[in-house]
Structures are given as C-alpha cells and as structure tokens.
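Chemist: Data file data36.tsv (TSV, N, CA, C and O atoms) is appended below.
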```tsv
chain	number	residue	atom	x	y	z
A	1	MET	N	110.33	120.11	62.42
A	1	MET	CA	109.00	120.08	62.94
A	1	MET	C	108.28	118.85	62.41
A	1	MET	O	108.39	118.52	61.25
A	2	THR	N	107.53	118.22	63.28
A	2	THR	CA	106.68	117.11	62.87
A	2	THR	C	105.30	117.31	63.47
A	2	THR	O	105.15	117.91	64.53
A	3	GLY	N	104.30	116.80	62.77
A	3	GLY	CA	102.93	116.91	63.26
A	3	GLY	C	102.34	118.26	62.94
A	3	GLY	O	102.70	118.91	61.98
A	4	GLY	N	101.42	118.69	63.79
A	4	GLY	CA	100.70	119.93	63.54
A	4	GLY	C	101.30	121.13	64.23
A	4	GLY	O	101.92	121.02	65.28
A	5	LEU	N	101.12	122.27	63.62
A	5	LEU	CA	101.45	123.55	64.24
A	5	LEU	C	100.13	124.27	64.40
A	5	LEU	O	99.56	124.80	63.45
A	6	ASP	N	99.61	124.22	65.62
A	6	ASP	CA	98.27	124.72	65.87
A	6	ASP	C	98.17	125.30	67.27
A	6	ASP	O	99.19	125.52	67.93
A	7	ARG	N	96.97	125.51	67.72
A	7	ARG	CA	96.73	126.10	69.04
A	7	ARG	C	97.41	125.30	70.15
A	7	ARG	O	97.88	125.87	71.14
A	8	ASP	N	97.47	123.99	69.99
A	8	ASP	CA	98.05	123.15	71.03
A	8	ASP	C	99.57	123.11	71.02
A	8	ASP	O	100.18	122.75	72.02
A	9	THR	N	100.21	123.45	69.90
A	9	THR	CA	101.65	123.28	69.79
A	9	THR	C	102.42	124.57	69.49
A	9	THR	O	103.65	124.57	69.60
A	10	SER	N	101.74	125.64	69.11
A	10	SER	CA	102.45	126.84	68.70
A	10	SER	C	103.27	127.45	69.85
A	10	SER	O	104.38	127.93	69.63
A	11	ASP	N	102.74	127.41	71.07
A	11	ASP	CA	103.50	127.93	72.21
A	11	ASP	C	104.78	127.13	72.44
A	11	ASP	O	105.83	127.71	72.75
A	12	GLU	N	104.70	125.83	72.27
A	12	GLU	CA	105.90	124.99	72.44
A	12	GLU	C	106.99	125.39	71.45
A	12	GLU	O	108.16	125.48	71.80
A	13	LEU	N	106.60	125.64	70.21
A	13	LEU	CA	107.57	126.05	69.19
A	13	LEU	C	108.21	127.38	69.57
A	13	LEU	O	109.43	127.51	69.55
A	14	THR	N	107.40	128.37	69.93
A	14	THR	CA	107.96	129.69	70.20
A	14	THR	C	108.83	129.69	71.46
A	14	THR	O	109.89	130.32	71.47
A	15	VAL	N	108.41	128.98	72.49
A	15	VAL	CA	109.20	128.92	73.73
A	15	VAL	C	110.53	128.19	73.48
A	15	VAL	O	111.59	128.64	73.92
A	16	THR	N	110.47	127.08	72.78
A	16	THR	CA	111.69	126.31	72.49
A	16	THR	C	112.65	127.11	71.63
A	16	THR	O	113.86	127.16	71.91
A	17	ALA	N	112.13	127.73	70.59
A	17	ALA	CA	113.00	128.53	69.70
A	17	ALA	C	113.62	129.70	70.45
A	17	ALA	O	114.81	129.97	70.30
A	18	ALA	N	112.83	130.39	71.26
A	18	ALA	CA	113.36	131.52	72.03
A	18	ALA	C	114.46	131.06	72.98
A	18	ALA	O	115.50	131.72	73.10
A	19	ALA	N	114.25	129.94	73.64
A	19	ALA	CA	115.27	129.43	74.57
A	19	ALA	C	116.56	129.09	73.83
A	19	ALA	O	117.66	129.41	74.31
A	20	LEU	N	116.45	128.47	72.67
A	20	LEU	CA	117.64	128.13	71.89
A	20	LEU	C	118.37	129.38	71.40
A	20	LEU	O	119.60	129.44	71.43
A	21	LEU	N	117.61	130.36	70.97
A	21	LEU	CA	118.23	131.58	70.43
A	21	LEU	C	118.83	132.45	71.53
A	21	LEU	O	119.73	133.24	71.26
A	22	ARG	N	118.37	132.30	72.76
A	22	ARG	CA	118.87	133.11	73.87
A	22	ARG	C	119.92	132.41	74.72
A	22	ARG	O	120.43	132.98	75.67
A	23	SER	N	120.24	131.18	74.41
A	23	SER	CA	121.11	130.37	75.27
A	23	SER	C	122.59	130.51	74.94
A	23	SER	O	123.34	129.56	75.05
A	24	GLY	N	123.02	131.66	74.59
A	24	GLY	CA	124.42	131.86	74.25
A	24	GLY	C	124.49	132.54	72.91
A	24	GLY	O	123.51	133.12	72.43
A	25	PRO	N	125.65	132.47	72.28
A	25	PRO	CA	125.73	133.08	70.95
A	25	PRO	C	124.69	132.42	70.03
A	25	PRO	O	124.55	131.20	70.02
A	26	PRO	N	123.95	133.23	69.29
A	26	PRO	CA	122.92	132.64	68.41
A	26	PRO	C	123.57	131.84	67.29
A	26	PRO	O	124.67	132.15	66.85
A	27	PRO	N	122.89	130.80	66.85
A	27	PRO	CA	123.43	130.06	65.71
A	27	PRO	C	123.51	130.97	64.50
A	27	PRO	O	122.68	131.86	64.32
A	28	ARG	N	124.53	130.76	63.69
A	28	ARG	CA	124.73	131.63	62.52
A	28	ARG	C	123.64	131.44	61.49
A	28	ARG	O	123.19	132.38	60.87
A	29	ARG	N	123.22	130.21	61.27
A	29	ARG	CA	122.19	129.90	60.27
A	29	ARG	C	121.19	128.91	60.85
A	29	ARG	O	121.17	127.76	60.45
A	30	PRO	N	120.33	129.37	61.79
A	30	PRO	CA	119.34	128.44	62.35
A	30	PRO	C	118.39	127.96	61.26
A	30	PRO	O	117.90	128.74	60.45
A	31	ARG	N	118.16	126.66	61.23
A	31	ARG	CA	117.33	126.06	60.18
A	31	ARG	C	116.08	125.47	60.82
A	31	ARG	O	116.16	124.77	61.82
A	32	LEU	N	114.95	125.75	60.22
A	32	LEU	CA	113.68	125.22	60.68
A	32	LEU	C	113.13	124.31	59.59
A	32	LEU	O	112.62	124.78	58.58
A	33	ASP	N	113.27	123.02	59.79
A	33	ASP	CA	112.82	122.03	58.81
A	33	ASP	C	111.36	121.70	59.07
A	33	ASP	O	111.01	121.20	60.12
A	34	ARG	N	110.53	121.97	58.09
A	34	ARG	CA	109.10	121.77	58.25
A	34	ARG	C	108.58	120.61	57.41
A	34	ARG	O	107.39	120.49	57.16
A	35	ALA	N	109.44	119.73	56.96
A	35	ALA	CA	109.03	118.63	56.09
A	35	ALA	C	108.02	117.71	56.76
A	35	ALA	O	107.15	117.16	56.09
A	36	GLY	N	108.09	117.56	58.07
A	36	GLY	CA	107.18	116.67	58.77
A	36	GLY	C	105.90	117.33	59.25
A	36	GLY	O	105.09	116.70	59.93
A	37	MET	N	105.70	118.60	58.90
A	37	MET	CA	104.49	119.30	59.33
A	37	MET	C	103.28	118.75	58.58
A	37	MET	O	103.28	118.69	57.36
A	38	THR	N	102.28	118.34	59.33
A	38	THR	CA	101.09	117.75	58.71
A	38	THR	C	99.87	118.66	58.77
A	38	THR	O	98.90	118.43	58.05
A	39	LEU	N	99.92	119.67	59.61
A	39	LEU	CA	98.78	120.55	59.81
A	39	LEU	C	99.28	121.91	60.25
A	39	LEU	O	100.26	122.01	60.99
A	40	CYS	N	98.59	122.95	59.81
A	40	CYS	CA	98.92	124.30	60.27
A	40	CYS	C	97.63	125.09	60.30
A	40	CYS	O	96.98	125.27	59.27
A	41	ASP	N	97.23	125.53	61.49
A	41	ASP	CA	96.03	126.35	61.58
A	41	ASP	C	96.42	127.82	61.59
A	41	ASP	O	97.58	128.17	61.33
A	42	SER	N	95.50	128.69	61.89
A	42	SER	CA	95.75	130.13	61.80
A	42	SER	C	96.81	130.62	62.79
A	42	SER	O	97.38	131.68	62.60
A	43	LEU	N	97.09	129.86	63.84
A	43	LEU	CA	98.14	130.27	64.78
A	43	LEU	C	99.53	129.89	64.29
A	43	LEU	O	100.52	130.39	64.82
A	44	GLY	N	99.62	129.04	63.29
A	44	GLY	CA	100.92	128.64	62.74
A	44	GLY	C	101.73	129.80	62.23
A	44	GLY	O	102.89	129.99	62.65
A	45	PRO	N	101.17	130.64	61.33
A	45	PRO	CA	101.95	131.79	60.86
A	45	PRO	C	102.33	132.74	62.00
A	45	PRO	O	103.42	133.30	62.00
A	46	ALA	N	101.45	132.91	62.98
A	46	ALA	CA	101.77	133.77	64.11
A	46	ALA	C	102.97	133.22	64.88
A	46	ALA	O	103.87	133.97	65.26
A	47	ALA	N	102.99	131.92	65.10
A	47	ALA	CA	104.12	131.30	65.80
A	47	ALA	C	105.41	131.45	64.99
A	47	ALA	O	106.47	131.76	65.53
A	48	LEU	N	105.31	131.24	63.68
A	48	LEU	CA	106.50	131.39	62.83
A	48	LEU	C	106.99	132.83	62.83
A	48	LEU	O	108.21	133.08	62.83
A	49	LEU	N	106.08	133.79	62.86
A	49	LEU	CA	106.48	135.20	62.94
A	49	LEU	C	107.20	135.49	64.26
A	49	LEU	O	108.18	136.24	64.29
A	50	MET	N	106.72	134.90	65.34
A	50	MET	CA	107.38	135.10	66.63
A	50	MET	C	108.79	134.52	66.62
A	50	MET	O	109.73	135.13	67.15
A	51	VAL	N	108.95	133.35	66.02
A	51	VAL	CA	110.29	132.75	65.91
A	51	VAL	C	111.18	133.63	65.04
A	51	VAL	O	112.36	133.86	65.34
A	52	HIS	N	110.62	134.14	63.94
A	52	HIS	CA	111.36	135.04	63.06
A	52	HIS	C	111.83	136.28	63.83
A	52	HIS	O	112.99	136.69	63.72
A	53	ARG	N	110.96	136.86	64.64
A	53	ARG	CA	111.32	138.03	65.44
A	53	ARG	C	112.40	137.71	66.47
A	53	ARG	O	113.31	138.51	66.70
A	54	GLU	N	112.30	136.54	67.09
A	54	GLU	CA	113.34	136.12	68.06
A	54	GLU	C	114.69	136.00	67.36
A	54	GLU	O	115.71	136.43	67.89
A	55	ALA	N	114.69	135.39	66.19
A	55	ALA	CA	115.95	135.21	65.45
A	55	ALA	C	116.53	136.57	65.07
A	55	ALA	O	117.74	136.81	65.24
A	56	THR	N	115.69	137.45	64.56
A	56	THR	CA	116.15	138.78	64.18
A	56	THR	C	116.68	139.53	65.39
A	56	THR	O	117.74	140.16	65.33
A	57	GLY	N	115.98	139.43	66.51
A	57	GLY	CA	116.42	140.09	67.74
A	57	GLY	C	117.74	139.53	68.26
A	57	GLY	O	118.51	140.25	68.90
A	58	ALA	N	118.01	138.27	67.96
A	58	ALA	CA	119.26	137.65	68.39
A	58	ALA	C	120.40	137.94	67.41
A	58	ALA	O	121.53	137.51	67.62
A	59	GLY	N	120.07	138.64	66.32
A	59	GLY	CA	121.11	139.00	65.35
A	59	GLY	C	121.38	137.92	64.31
A	59	GLY	O	122.46	137.89	63.72
A	60	THR	N	120.42	137.06	64.09
A	60	THR	CA	120.60	136.01	63.09
A	60	THR	C	119.34	135.96	62.21
A	60	THR	O	118.38	136.66	62.48
A	61	ARG	N	119.38	135.14	61.20
A	61	ARG	CA	118.23	135.03	60.30
A	61	ARG	C	117.80	133.57	60.22
A	61	ARG	O	118.62	132.68	60.00
A	62	LEU	N	116.52	133.36	60.38
A	62	LEU	CA	115.95	132.02	60.31
A	62	LEU	C	115.98	131.52	58.88
A	62	LEU	O	115.66	132.26	57.95
A	63	HIS	N	116.36	130.26	58.70
A	63	HIS	CA	116.41	129.64	57.39
A	63	HIS	C	115.43	128.48	57.35
A	63	HIS	O	115.78	127.35	57.69
A	64	PRO	N	114.19	128.75	56.95
A	64	PRO	CA	113.20	127.69	56.88
A	64	PRO	C	113.48	126.77	55.70
A	64	PRO	O	114.06	127.18	54.69
A	65	ALA	N	113.07	125.53	55.84
A	65	ALA	CA	113.29	124.55	54.77
A	65	ALA	C	112.07	123.65	54.65
A	65	ALA	O	111.34	123.44	55.61
A	66	ASP	N	111.88	123.12	53.46
A	66	ASP	CA	110.84	122.12	53.20
A	66	ASP	C	109.45	122.56	53.63
A	66	ASP	O	108.80	121.92	54.44
A	67	ARG	N	109.00	123.65	53.04
A	67	ARG	CA	107.67	124.19	53.38
A	67	ARG	C	106.59	123.37	52.69
A	67	ARG	O	106.56	123.30	51.46
A	68	PRO	N	105.67	122.76	53.44
A	68	PRO	CA	104.56	122.04	52.83
A	68	PRO	C	103.65	122.98	52.04
A	68	PRO	O	103.55	124.17	52.35
A	69	ALA	N	102.98	122.46	51.05
A	69	ALA	CA	102.12	123.28	50.19
A	69	ALA	C	101.02	123.99	50.97
A	69	ALA	O	100.71	125.15	50.70
A	70	ALA	N	100.44	123.32	51.96
A	70	ALA	CA	99.37	123.94	52.74
A	70	ALA	C	99.90	125.15	53.52
A	70	ALA	O	99.22	126.17	53.62
A	71	LEU	N	101.11	125.05	54.05
A	71	LEU	CA	101.70	126.18	54.77
A	71	LEU	C	102.01	127.30	53.79
A	71	LEU	O	101.80	128.47	54.09
A	72	ARG	N	102.49	126.96	52.61
A	72	ARG	CA	102.78	127.96	51.59
A	72	ARG	C	101.52	128.77	51.27
A	72	ARG	O	101.55	130.00	51.21
A	73	ARG	N	100.41	128.10	51.10
A	73	ARG	CA	99.15	128.79	50.80
A	73	ARG	C	98.73	129.69	51.96
A	73	ARG	O	98.27	130.81	51.75
A	74	LEU	N	98.89	129.22	53.18
A	74	LEU	CA	98.51	130.01	54.35
A	74	LEU	C	99.40	131.25	54.48
A	74	LEU	O	98.92	132.34	54.76
A	75	LEU	N	100.69	131.09	54.26
A	75	LEU	CA	101.61	132.23	54.32
A	75	LEU	C	101.31	133.23	53.20
A	75	LEU	O	101.37	134.44	53.41
A	76	ASP	N	100.99	132.72	52.01
A	76	ASP	CA	100.61	133.60	50.90
A	76	ASP	C	99.35	134.39	51.26
A	76	ASP	O	99.26	135.59	51.03
A	77	ALA	N	98.37	133.70	51.84
A	77	ALA	CA	97.10	134.35	52.19
A	77	ALA	C	97.27	135.41	53.26
A	77	ALA	O	96.54	136.41	53.27
A	78	THR	N	98.24	135.22	54.16
A	78	THR	CA	98.45	136.19	55.24
A	78	THR	C	99.47	137.26	54.87
A	78	THR	O	99.75	138.15	55.67
A	79	GLY	N	100.06	137.15	53.68
A	79	GLY	CA	101.04	138.14	53.24
A	79	GLY	C	102.37	138.04	53.93
A	79	GLY	O	103.14	139.00	53.96
A	80	THR	N	102.68	136.88	54.50
A	80	THR	CA	103.95	136.72	55.23
A	80	THR	C	104.94	135.78	54.54
A	80	THR	O	106.01	135.53	55.08
A	81	ALA	N	104.61	135.29	53.36
A	81	ALA	CA	105.48	134.33	52.68
A	81	ALA	C	106.88	134.88	52.42
A	81	ALA	O	107.86	134.14	52.46
A	82	ASP	N	106.98	136.17	52.13
A	82	ASP	CA	108.28	136.77	51.83
A	82	ASP	C	109.23	136.73	53.02
A	82	ASP	O	110.46	136.80	52.85
A	83	LEU	N	108.70	136.63	54.23
A	83	LEU	CA	109.57	136.54	55.41
A	83	LEU	C	110.20	135.17	55.56
A	83	LEU	O	111.17	135.01	56.30
A	84	PHE	N	109.64	134.18	54.88
A	84	PHE	CA	110.11	132.81	55.00
A	84	PHE	C	110.41	132.24	53.61
A	84	PHE	O	109.77	131.29	53.16
A	85	PRO	N	111.40	132.79	52.91
A	85	PRO	CA	111.68	132.32	51.55
A	85	PRO	C	112.24	130.91	51.56
A	85	PRO	O	112.87	130.48	52.53
A	86	GLU	N	111.96	130.20	50.51
A	86	GLU	CA	112.52	128.87	50.35
A	86	GLU	C	113.97	129.01	49.93
A	86	GLU	O	114.32	129.93	49.20
A	87	PRO	N	114.83	128.09	50.38
A	87	PRO	CA	116.26	128.18	50.00
A	87	PRO	C	116.47	127.88	48.53
A	87	PRO	O	115.64	127.30	47.88
```
Render the structure in this file as structure tokens.
Modeler:
Amino acid sequence: MTGGLDRDTSDELTVTAAALLRSGPPPRRPRLDRAGMTLCDSLGPAALLMVHREATGAGTRLHPADRPAALRRLLDATGTADLFPEP
C-alpha cells in the first residue's frame, strides 16, 4: 500500500483484495505491506477489517507487514490491533 487509506481509497483496497482472494485458490500467506502508507482515517481500520474477513472467508490468514506508527495507534484505539499482529 502507498499513500492514504481513507474515504477515497478504502473501497479500492477492499474490492481489489476481495477480487484477488476470490480468483482461484487463495494465496497461502497473503501479505499486505503498509510501509508506504502515509495517512489513515477512520475508514482505514474498517477497510482492513473487511480485507481480514475476506481472507478468513477464503480460508487463509492475512499477514500484514510494516505497520506505520499512526496506523498502530488507530488500531489500538479501535481495539482491532490484535487482528493484525506484526510478524
């Protein structure tokens, strides 16, 4: 991921992730690299939760990587950090 995860981009993330997870056998270890994320508003955790649900529904587990500090604080504040552990 690069740039912001916000109202303008969260749908793109969830639609793209869902399409990838549904396009055949799911990847065994899908990785979501967030090193390039520069912004995350309140819709960011919601989008990440939707991707997490898609991965779980496809029988795989999302492996997030390189969580920016601002996202870490937002996930902590929303009580969802445990769903996205750092490797």
Chemist: Smallest atom-to-atom distance to A:Ala65: which of A:Thr78, A:Cys40, A:Met1, A:Ala18, using only C-alpha atoms?
Modeler: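 Closest candidate: A:Met1.
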Chemist: Skip A:Asp82 itself and residues of its chain fewer than 6 positions away, then list as a PDB file with N, CA, C and O atoms, in the coordinates of the input all residues within 12 Å of it, counting only C-alpha atoms.
Modeler:
```
ATOM      1  N   LEU A  49     106.080 133.790  62.860  1.00  0.00           N
ATOM      2  CA  LEU A  49     106.480 135.200  62.940  1.00  0.00           C
ATOM      3  C   LEU A  49     107.200 135.490  64.260  1.00  0.00           C
ATOM      4  O   LEU A  49     108.180 136.240  64.290  1.00  0.00           O
ATOM      5  N   HIS A  52     110.620 134.140  63.940  1.00  0.00           N
ATOM      6  CA  HIS A  52     111.360 135.040  63.060  1.00  0.00           C
ATOM      7  C   HIS A  52     111.830 136.280  63.830  1.00  0.00           C
ATOM      8  O   HIS A  52     112.990 136.690  63.720  1.00  0.00           O
ATOM      9  N   PRO A  64     114.190 128.750  56.950  1.00  0.00           N
ATOM     10  CA  PRO A  64     113.200 127.690  56.880  1.00  0.00           C
ATOM     11  C   PRO A  64     113.480 126.770  55.700  1.00  0.00           C
ATOM     12  O   PRO A  64     114.060 127.180  54.690  1.00  0.00           O
ATOM     13  N   ARG A  72     102.490 126.960  52.610  1.00  0.00           N
ATOM     14  CA  ARG A  72     102.780 127.960  51.590  1.00  0.00           C
ATOM     15  C   ARG A  72     101.520 128.770  51.270  1.00  0.00           C
ATOM     16  O   ARG A  72     101.550 130.000  51.210  1.00  0.00           O
ATOM     17  N   LEU A  75     100.690 131.090  54.260  1.00  0.00           N
ATOM     18  CA  LEU A  75     101.610 132.230  54.320  1.00  0.00           C
ATOM     19  C   LEU A  75     101.310 133.230  53.200  1.00  0.00           C
ATOM     20  O   LEU A  75     101.370 134.440  53.410  1.00  0.00           O
ATOM     21  N   ASP A  76     100.990 132.720  52.010  1.00  0.00           N
ATOM     22  CA  ASP A  76     100.610 133.600  50.900  1.00  0.00           C
ATOM     23  C   ASP A  76      99.350 134.390  51.260  1.00  0.00           C
ATOM     24  O   ASP A  76      99.260 135.590  51.030  1.00  0.00           O
TER      25      ASP A  76
END
```
Chemist: What gap, in Å, lies between atom CA of A:Arg53 and atom O of A:Gly24?
Modeler: 14.9 Å
Chemist: Taking (101.6, 133.1, 59.2) in the file's coordinates, which residues come within 8 Å, counting only N, CA, C and O atoms, written as a PyMOL selection string?
Modeler: chain A and resi 41-49+71+74-81
Chemist: Take the residues from that selection and put them in a file with N, CA, C and O atoms, as a PDB file, keeping the file's coordinate frame.
Modeler:
```pdb
ATOM      1  N   ASP A  41      97.230 125.530  61.490  1.00  0.00           N
ATOM      2  CA  ASP A  41      96.030 126.350  61.580  1.00  0.00           C
ATOM      3  C   ASP A  41      96.420 127.820  61.590  1.00  0.00           C
ATOM      4  O   ASP A  41      97.580 128.170  61.330  1.00  0.00           O
ATOM      5  N   SER A  42      95.500 128.690  61.890  1.00  0.00           N
ATOM      6  CA  SER A  42      95.750 130.130  61.800  1.00  0.00           C
ATOM      7  C   SER A  42      96.810 130.620  62.790  1.00  0.00           C
ATOM      8  O   SER A  42      97.380 131.680  62.600  1.00  0.00           O
ATOM      9  N   LEU A  43      97.090 129.860  63.840  1.00  0.00           N
ATOM     10  CA  LEU A  43      98.140 130.270  64.780  1.00  0.00           C
ATOM     11  C   LEU A  43      99.530 129.890  64.290  1.00  0.00           C
ATOM     12  O   LEU A  43     100.520 130.390  64.820  1.00  0.00           O
ATOM     13  N   GLY A  44      99.620 129.040  63.290  1.00  0.00           N
ATOM     14  CA  GLY A  44     100.920 128.640  62.740  1.00  0.00           C
ATOM     15  C   GLY A  44     101.730 129.800  62.230  1.00  0.00           C
ATOM     16  O   GLY A  44     102.890 129.990  62.650  1.00  0.00           O
ATOM     17  N   PRO A  45     101.170 130.640  61.330  1.00  0.00           N
ATOM     18  CA  PRO A  45     101.950 131.790  60.860  1.00  0.00           C
ATOM     19  C   PRO A  45     102.330 132.740  62.000  1.00  0.00           C
ATOM     20  O   PRO A  45     103.420 133.300  62.000  1.00  0.00           O
ATOM     21  N   ALA A  46     101.450 132.910  62.980  1.00  0.00           N
ATOM     22  CA  ALA A  46     101.770 133.770  64.110  1.00  0.00           C
ATOM     23  C   ALA A  46     102.970 133.220  64.880  1.00  0.00           C
ATOM     24  O   ALA A  46     103.870 133.970  65.260  1.00  0.00           O
ATOM     25  N   ALA A  47     102.990 131.920  65.100  1.00  0.00           N
ATOM     26  CA  ALA A  47     104.120 131.300  65.800  1.00  0.00           C
ATOM     27  C   ALA A  47     105.410 131.450  64.990  1.00  0.00           C
ATOM     28  O   ALA A  47     106.470 131.760  65.530  1.00  0.00           O
ATOM     29  N   LEU A  48     105.310 131.240  63.680  1.00  0.00           N
ATOM     30  CA  LEU A  48     106.500 131.390  62.830  1.00  0.00           C
ATOM     31  C   LEU A  48     106.990 132.830  62.830  1.00  0.00           C
ATOM     32  O   LEU A  48     108.210 133.080  62.830  1.00  0.00           O
ATOM     33  N   LEU A  49     106.080 133.790  62.860  1.00  0.00           N
ATOM     34  CA  LEU A  49     106.480 135.200  62.940  1.00  0.00           C
ATOM     35  C   LEU A  49     107.200 135.490  64.260  1.00  0.00           C
ATOM     36  O   LEU A  49     108.180 136.240  64.290  1.00  0.00           O
ATOM     37  N   LEU A  71     101.110 125.050  54.050  1.00  0.00           N
ATOM     38  CA  LEU A  71     101.700 126.180  54.770  1.00  0.00           C
ATOM     39  C   LEU A  71     102.010 127.300  53.790  1.00  0.00           C
ATOM     40  O   LEU A  71     101.800 128.470  54.090  1.00  0.00           O
ATOM     41  N   LEU A  74      98.890 129.220  53.180  1.00  0.00           N
ATOM     42  CA  LEU A  74      98.510 130.010  54.350  1.00  0.00           C
ATOM     43  C   LEU A  74      99.400 131.250  54.480  1.00  0.00           C
ATOM     44  O   LEU A  74      98.920 132.340  54.760  1.00  0.00           O
ATOM     45  N   LEU A  75     100.690 131.090  54.260  1.00  0.00           N
ATOM     46  CA  LEU A  75     101.610 132.230  54.320  1.00  0.00           C
ATOM     47  C   LEU A  75     101.310 133.230  53.200  1.00  0.00           C
ATOM     48  O   LEU A  75     101.370 134.440  53.410  1.00  0.00           O
ATOM     49  N   ASP A  76     100.990 132.720  52.010  1.00  0.00           N
ATOM     50  CA  ASP A  76     100.610 133.600  50.900  1.00  0.00           C
ATOM     51  C   ASP A  76      99.350 134.390  51.260  1.00  0.00           C
ATOM     52  O   ASP A  76      99.260 135.590  51.030  1.00  0.00           O
ATOM     53  N   ALA A  77      98.370 133.700  51.840  1.00  0.00           N
ATOM     54  CA  ALA A  77      97.100 134.350  52.190  1.00  0.00           C
ATOM     55  C   ALA A  77      97.270 135.410  53.260  1.00  0.00           C
ATOM     56  O   ALA A  77      96.540 136.410  53.270  1.00  0.00           O
ATOM     57  N   THR A  78      98.240 135.220  54.160  1.00  0.00           N
ATOM     58  CA  THR A  78      98.450 136.190  55.240  1.00  0.00           C
ATOM     59  C   THR A  78      99.470 137.260  54.870  1.00  0.00           C
ATOM     60  O   THR A  78      99.750 138.150  55.670  1.00  0.00           O
ATOM     61  N   GLY A  79     100.060 137.150  53.680  1.00  0.00           N
ATOM     62  CA  GLY A  79     101.040 138.140  53.240  1.00  0.00           C
ATOM     63  C   GLY A  79     102.370 138.040  53.930  1.00  0.00           C
ATOM     64  O   GLY A  79     103.140 139.000  53.960  1.00  0.00           O
ATOM     65  N   THR A  80     102.680 136.880  54.500  1.00  0.00           N
ATOM     66  CA  THR A  80     103.950 136.720  55.230  1.00  0.00           C
ATOM     67  C   THR A  80     104.940 135.780  54.540  1.00  0.00           C
ATOM     68  O   THR A  80     106.010 135.530  55.080  1.00  0.00           O
ATOM     69  N   ALA A  81     104.610 135.290  53.360  1.00  0.00           N
ATOM     70  CA  ALA A  81     105.480 134.330  52.680  1.00  0.00           C
ATOM     71  C   ALA A  81     106.880 134.880  52.420  1.00  0.00           C
ATOM     72  O   ALA A  81     107.860 134.140  52.460  1.00  0.00           O
TER      73      ALA A  81
END
```
Chemist: Using DSSP assignments from the backbone, pull out every residue in stretch 5-80 of chain A that falls under strand (DSSP E or B) and give it to me as a VMD selection string.
Modeler: chain A and resid 5 31 to 33 36 to 40 63 to 65
Chemist: With all heavy atoms as the target, complete stretch 63-68 of chain A and hand it back as a compact mmCIF listing (two decimals), keeping the file's coordinate frame.
Modeler:
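The file below, result-v6.txt, is the result:
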```
# COMPACT_ATOMS: atom_id res chain seq x y z
N HIS A 63 116.36 130.26 58.70
CA HIS A 63 116.41 129.64 57.39
C HIS A 63 115.43 128.48 57.35
O HIS A 63 115.78 127.35 57.69
CB HIS A 63 117.83 129.16 57.06
CG HIS A 63 118.79 130.30 56.96
ND1 HIS A 63 118.96 131.01 55.80
CD2 HIS A 63 119.59 130.87 57.87
CE1 HIS A 63 119.85 131.97 56.00
NE2 HIS A 63 120.24 131.91 57.26
N PRO A 64 114.19 128.75 56.95
CA PRO A 64 113.20 127.69 56.88
C PRO A 64 113.48 126.77 55.70
O PRO A 64 114.06 127.18 54.69
CB PRO A 64 111.87 128.42 56.71
CG PRO A 64 112.23 129.77 56.20
CD PRO A 64 113.64 130.05 56.60
N ALA A 65 113.07 125.53 55.84
CA ALA A 65 113.29 124.55 54.77
C ALA A 65 112.07 123.65 54.65
O ALA A 65 111.34 123.44 55.61
CB ALA A 65 114.53 123.71 55.08
N ASP A 66 111.88 123.12 53.46
CA ASP A 66 110.84 122.12 53.20
C ASP A 66 109.45 122.56 53.63
O ASP A 66 108.80 121.92 54.44
CB ASP A 66 111.20 120.79 53.86
CG ASP A 66 112.49 120.23 53.32
OD1 ASP A 66 112.70 120.33 52.10
OD2 ASP A 66 113.30 119.72 54.11
N ARG A 67 109.00 123.65 53.04
CA ARG A 67 107.67 124.19 53.38
C ARG A 67 106.59 123.37 52.69
O ARG A 67 106.56 123.30 51.46
CB ARG A 67 107.60 125.65 52.95
CG ARG A 67 106.26 126.28 53.23
CD ARG A 67 106.26 127.76 52.97
NE ARG A 67 106.85 128.12 51.70
CZ ARG A 67 107.17 129.37 51.39
NH1 ARG A 67 106.98 130.34 52.23
NH2 ARG A 67 107.69 129.65 50.22
N PRO A 68 105.67 122.76 53.44
CA PRO A 68 104.56 122.04 52.83
C PRO A 68 103.65 122.98 52.04
O PRO A 68 103.55 124.17 52.35
CB PRO A 68 103.80 121.45 54.03
CG PRO A 68 104.74 121.54 55.18
CD PRO A 68 105.66 122.68 54.90
```
